[in-house]
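*Asks:* The structure under discussion is supplied below as structure tokens; questions concerning it will follow.
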Amino acid sequence: MVTITVSAAARPPALAKGLPITLDVSEEATVKDVKTKIAEKFPKFKTARQKLSLKGEKKGLDDEAKLTTVLGGKLDGAELQVKDLGPQVSWRTVFLVEYGGPLLIHPWIYYFQKAWYGREFEHSALQKYVFAFVMLHFLKRELETLFVHRFSHGTMPLFNIFKNSAHYHILSGFMLAFDVYAPKFREGSYRIVGSYRDNETYLWAFAGLWALAEVSNLHTHITLRNLRPPGTRVRAIPRGFGFNLVSCPNYLFEIFAWAVICAMTNTLSAYIFLVVASVQMILWALKKHHNYKKEFGKEYPRRKAIIPFIL
């Protein structure tokens with residue numbers, strides 16, 4: 001056993017006013033073990049709220065990292081600092097809430113026309129297709145959250161559930177639904193009759209492209225899942241369908257699926273959501289691409305981040 005000191009990164013958190021403290025830990029202890037011992041001293045200061053770092057540094061230490069590694073073997077008398085990250089919520093909960101919004105909002109607007117538009121009317125084939133696409137997309141995302149995704153981080157700040165949900169609930173929820181299911185696109189509308197929006201061949205072609213994008217997106221998520229053993233943060237180089245061209249084909253395929261809906265409807269609401277979502281996914285892809293290259297170095301294949309041969 002060795003003794004280490006844990007102090008507050010700034011002023012002691014309200015949940016751990018007794019800092020600094022000394023802890024007796026095993027020479028084989030990990031950062032997670034230290035967090036657990038802190039939580040034993042301060043029961044309300046849960047491990048998910050703790051960010052441990054080296055004294056004077058801001059970068060947090062990985063839970064799986066051994067103290068012998070992060071402290072360079074000089075354990076006895078070493079000092080770490082802890083910061084309170086504030087209230088946390090699991091990534092899985094955030095995903096379920098943000099994707100669940102459109103699953104409630106779209107049927108609410110689609111089926112209760114009189115409450116939203118002051119009249120009842122027959123939905124066009126276009127509206128029926130888009131409704132099916134949106135519902136299937138977000139149902140797929142919910143099922144992936146429950147049964148496919150393995151999260152590298154257990155929690156995120158509680159505020160994120162409101163920020164992330166606003167993106168989906170407002171842009172792909174209320175704004176898209178209210179616009180696309182409006183009377184202007186009803187059966188018999190001049191915007192529908194005689195246009196490609198009323199052409200079954202075009203609608204089936206759009207459906208095929210959308211389905212291809214969604215299935216491809218699912219395939220990449222399963223590939224990523226299979227790279228990470230349960231309960232670990234192990235990272236490996238993804239390969240295979242989509243990954244031979246870009247680091248994040250899951251984002252590429254999702255953008256393509258929403259681009260199909262934009263082409264079908266040609267509505268401002270769909271384009272706004274596509275642009276906002278695409279910018280965010282491009283930023284995520286660039287960050288992940290950079291991390292892959294940094295972690296695997298020359299072993300990492302030559303590929304772009306999200307758009308083949310371009311970006």
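Each chain in the structure tokens gets a letter, A, B, ..., in the order shown, and its residues are numbered from 1; ligands are numbered from 1 in order too.
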Enumerate as a ChimeraX atom specification all residues of stretch 34-279 of chain A assigned to strand (DSSP E) by DSSP on the backbone, naming them with the chain letters and numbers the document uses.

*Replies:* /A:50-54,79-84,88-90,155-157

*Asks:* Put those residues in a file: N, CA, C and O atoms, as an mmCIF file, in the first residue's frame.

*Replies:*
```
data_model
loop_
_atom_site.group_PDB
_atom_site.id
_atom_site.type_symbol
_atom_site.label_atom_id
_atom_site.label_comp_id
_atom_site.auth_asym_id
_atom_site.auth_seq_id
_atom_site.Cartn_x
_atom_site.Cartn_y
_atom_site.Cartn_z
ATOM 1 N N GLN A 50 -16.564 13.343 -10.520
ATOM 2 C CA GLN A 50 -15.165 13.640 -10.230
ATOM 3 C C GLN A 50 -14.304 13.676 -11.501
ATOM 4 O O GLN A 50 -14.399 12.796 -12.350
ATOM 5 N N LYS A 51 -13.465 14.682 -11.551
ATOM 6 C CA LYS A 51 -12.444 14.748 -12.605
ATOM 7 C C LYS A 51 -11.088 14.801 -11.904
ATOM 8 O O LYS A 51 -10.759 15.797 -11.253
ATOM 9 N N LEU A 52 -10.332 13.720 -12.010
ATOM 10 C CA LEU A 52 -9.007 13.656 -11.398
ATOM 11 C C LEU A 52 -7.946 14.048 -12.412
ATOM 12 O O LEU A 52 -8.008 13.667 -13.580
ATOM 13 N N SER A 53 -6.967 14.818 -11.966
ATOM 14 C CA SER A 53 -5.866 15.222 -12.836
ATOM 15 C C SER A 53 -4.601 15.345 -12.011
ATOM 16 O O SER A 53 -4.626 15.345 -10.774
ATOM 17 N N LEU A 54 -3.479 15.442 -12.706
ATOM 18 C CA LEU A 54 -2.208 15.666 -12.023
ATOM 19 C C LEU A 54 -2.194 17.074 -11.441
ATOM 20 O O LEU A 54 -2.856 17.985 -11.946
ATOM 21 N N GLU A 79 0.568 13.532 -5.279
ATOM 22 C CA GLU A 79 -0.652 14.325 -5.093
ATOM 23 C C GLU A 79 -1.433 14.427 -6.402
ATOM 24 O O GLU A 79 -0.857 14.674 -7.467
ATOM 25 N N LEU A 80 -2.729 14.208 -6.303
ATOM 26 C CA LEU A 80 -3.657 14.415 -7.403
ATOM 27 C C LEU A 80 -4.643 15.498 -7.000
ATOM 28 O O LEU A 80 -4.822 15.786 -5.812
ATOM 29 N N GLN A 81 -5.280 16.099 -7.989
ATOM 30 C CA GLN A 81 -6.311 17.088 -7.695
ATOM 31 C C GLN A 81 -7.631 16.656 -8.319
ATOM 32 O O GLN A 81 -7.648 15.977 -9.345
ATOM 33 N N VAL A 82 -8.726 17.025 -7.666
ATOM 34 C CA VAL A 82 -10.052 16.614 -8.121
ATOM 35 C C VAL A 82 -10.927 17.843 -8.326
ATOM 36 O O VAL A 82 -10.837 18.827 -7.574
ATOM 37 N N LYS A 83 -11.753 17.771 -9.359
ATOM 38 C CA LYS A 83 -12.693 18.857 -9.672
ATOM 39 C C LYS A 83 -14.093 18.283 -9.729
ATOM 40 O O LYS A 83 -14.305 17.171 -10.219
ATOM 41 N N ASP A 84 -15.072 19.040 -9.242
ATOM 42 C CA ASP A 84 -16.468 18.627 -9.308
ATOM 43 C C ASP A 84 -17.041 19.031 -10.658
ATOM 44 O O ASP A 84 -17.098 20.211 -10.996
ATOM 45 N N GLN A 88 -24.505 15.039 -13.238
ATOM 46 C CA GLN A 88 -24.257 14.276 -14.454
ATOM 47 C C GLN A 88 -25.480 13.444 -14.834
ATOM 48 O O GLN A 88 -26.340 13.160 -14.005
ATOM 49 N N VAL A 89 -25.539 13.085 -16.108
ATOM 50 C CA VAL A 89 -26.597 12.214 -16.607
ATOM 51 C C VAL A 89 -25.951 11.257 -17.607
ATOM 52 O O VAL A 89 -24.985 11.612 -18.283
ATOM 53 N N SER A 90 -26.436 10.045 -17.680
ATOM 54 C CA SER A 90 -25.806 9.050 -18.550
ATOM 55 C C SER A 90 -26.025 9.405 -20.020
ATOM 56 O O SER A 90 -27.049 9.981 -20.405
ATOM 57 N N THR A 155 -21.077 9.303 -18.491
ATOM 58 C CA THR A 155 -21.983 10.414 -18.220
ATOM 59 C C THR A 155 -21.542 11.676 -18.945
ATOM 60 O O THR A 155 -20.429 11.771 -19.459
ATOM 61 N N MET A 156 -22.425 12.658 -18.948
ATOM 62 C CA MET A 156 -22.134 13.991 -19.452
ATOM 63 C C MET A 156 -22.859 14.988 -18.541
ATOM 64 O O MET A 156 -23.741 14.601 -17.774
ATOM 65 N N PRO A 157 -22.492 16.278 -18.590
ATOM 66 C CA PRO A 157 -23.172 17.272 -17.745
ATOM 67 C C PRO A 157 -24.684 17.275 -17.977
ATOM 68 O O PRO A 157 -25.149 17.129 -19.109
#
```

*Asks:* With a distance cut-off of 10 Å and only C-alpha atoms, select the neighbouring residues of A:Thr267, excluding the residue or stretch itself and same-chain residues fewer than 4 positions from it, and output the selection as number ranges by chain.

*Replies:* A: 176, 179-180, 261-263, 271-272

*Asks:* Assign secondary structure with DSSP using the backbone only, and return the residues of stretch 131-185 of chain A in helix (DSSP H, G or I) as a PyMOL selection string.

*Replies:* chain A and resi 131-147+160-180+183-185

*Asks:* Determine, counting only C-alpha atoms, which protein, DNA and RNA residues have an atom within 10 Å of an atom of stretch 219-231 of chain A; residues of the same chain fewer than 5 positions away are not included. Present the result as a ChimeraX atom specification.

*Replies:* /A:144,147-152,213-214,236-243,248-251,253

*Asks:* Counting only C-alpha atoms, which residue out of A:Val134, A:Leu71, A:Ala9, A:Leu209 sits closest to A:Val31?

*Replies:*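 Ranking A:Val134, A:Leu71, A:Ala9, A:Leu209 by distance to A:Val31, first place goes to A:Leu71.
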
*Asks:* Would you kindly return, as a PyMOL selection string, each protein, DNA or RNA residue with an atom no farther than 7 Å from any atom of A:His289, considering only C-alpha atoms and excluding same-chain residues fewer than 3 positions away?

*Replies:* chain A and resi 247+285-286+292-293+305

*Asks:* May I have the residues within 12 Å of A:Lys184 as a PyMOL selection string, using only C-alpha atoms and disregarding those fewer than 2 positions away in the same chain?

*Replies:* chain A and resi 117+121-124+126-127+178-182+186-193+265+267

*Asks:* Of the residues A:Leu61, A:Leu67, A:Ile307, A:Leu171, which is the one nearest to A:Val275, using only C-alpha atoms?

*Replies:*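 Residue with the minimum atom-to-atom distance to A:Val275: A:Leu171.
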
*Asks:* Quick one: residues within 9 Å of A:Pro107, only C-alpha atoms, excluding same-chain residues fewer than 3 positions away - as a PyMOL selection string?

*Replies:* chain A and resi 102-104+110-112+131+135+177

*Asks:* Restricting the output to N, CA, C and O atoms, write the selected residues as a CSV table (one decimal), in the first residue's frame.

*Replies:*
```
chain,number,residue,atom,x,y,z
A,102,PRO,N,-38.8,13.6,-31.3
A,102,PRO,CA,-39.5,13.5,-32.6
A,102,PRO,C,-40.5,12.4,-32.7
A,102,PRO,O,-41.4,12.5,-33.4
A,103,LEU,N,-40.2,11.3,-32.0
A,103,LEU,CA,-41.2,10.1,-32.0
A,103,LEU,C,-42.5,10.5,-31.4
A,103,LEU,O,-43.5,9.9,-31.7
A,104,LEU,N,-42.5,11.5,-30.5
A,104,LEU,CA,-43.8,12.0,-30.0
A,104,LEU,C,-44.4,13.2,-30.8
A,104,LEU,O,-45.6,13.3,-31.0
A,110,TYR,N,-49.0,15.1,-37.0
A,110,TYR,CA,-49.5,14.4,-38.2
A,110,TYR,C,-50.9,14.0,-38.0
A,110,TYR,O,-51.8,14.1,-38.9
A,111,TYR,N,-51.3,13.5,-36.8
A,111,TYR,CA,-52.6,13.0,-36.6
A,111,TYR,C,-53.6,14.0,-36.0
A,111,TYR,O,-54.8,13.8,-36.1
A,112,PHE,N,-53.2,15.1,-35.5
A,112,PHE,CA,-54.1,16.1,-34.9
A,112,PHE,C,-54.0,17.3,-35.7
A,112,PHE,O,-53.6,18.4,-35.3
A,131,PHE,N,-43.3,10.9,-43.1
A,131,PHE,CA,-43.7,10.5,-41.7
A,131,PHE,C,-43.1,9.1,-41.4
A,131,PHE,O,-42.5,8.9,-40.3
A,135,MET,N,-40.2,8.5,-38.5
A,135,MET,CA,-40.5,7.6,-37.3
A,135,MET,C,-39.5,6.4,-37.3
A,135,MET,O,-39.0,6.0,-36.3
A,177,ALA,N,-41.9,18.9,-38.8
A,177,ALA,CA,-43.2,18.3,-38.8
A,177,ALA,C,-44.3,19.3,-39.2
A,177,ALA,O,-45.1,19.0,-40.0
```
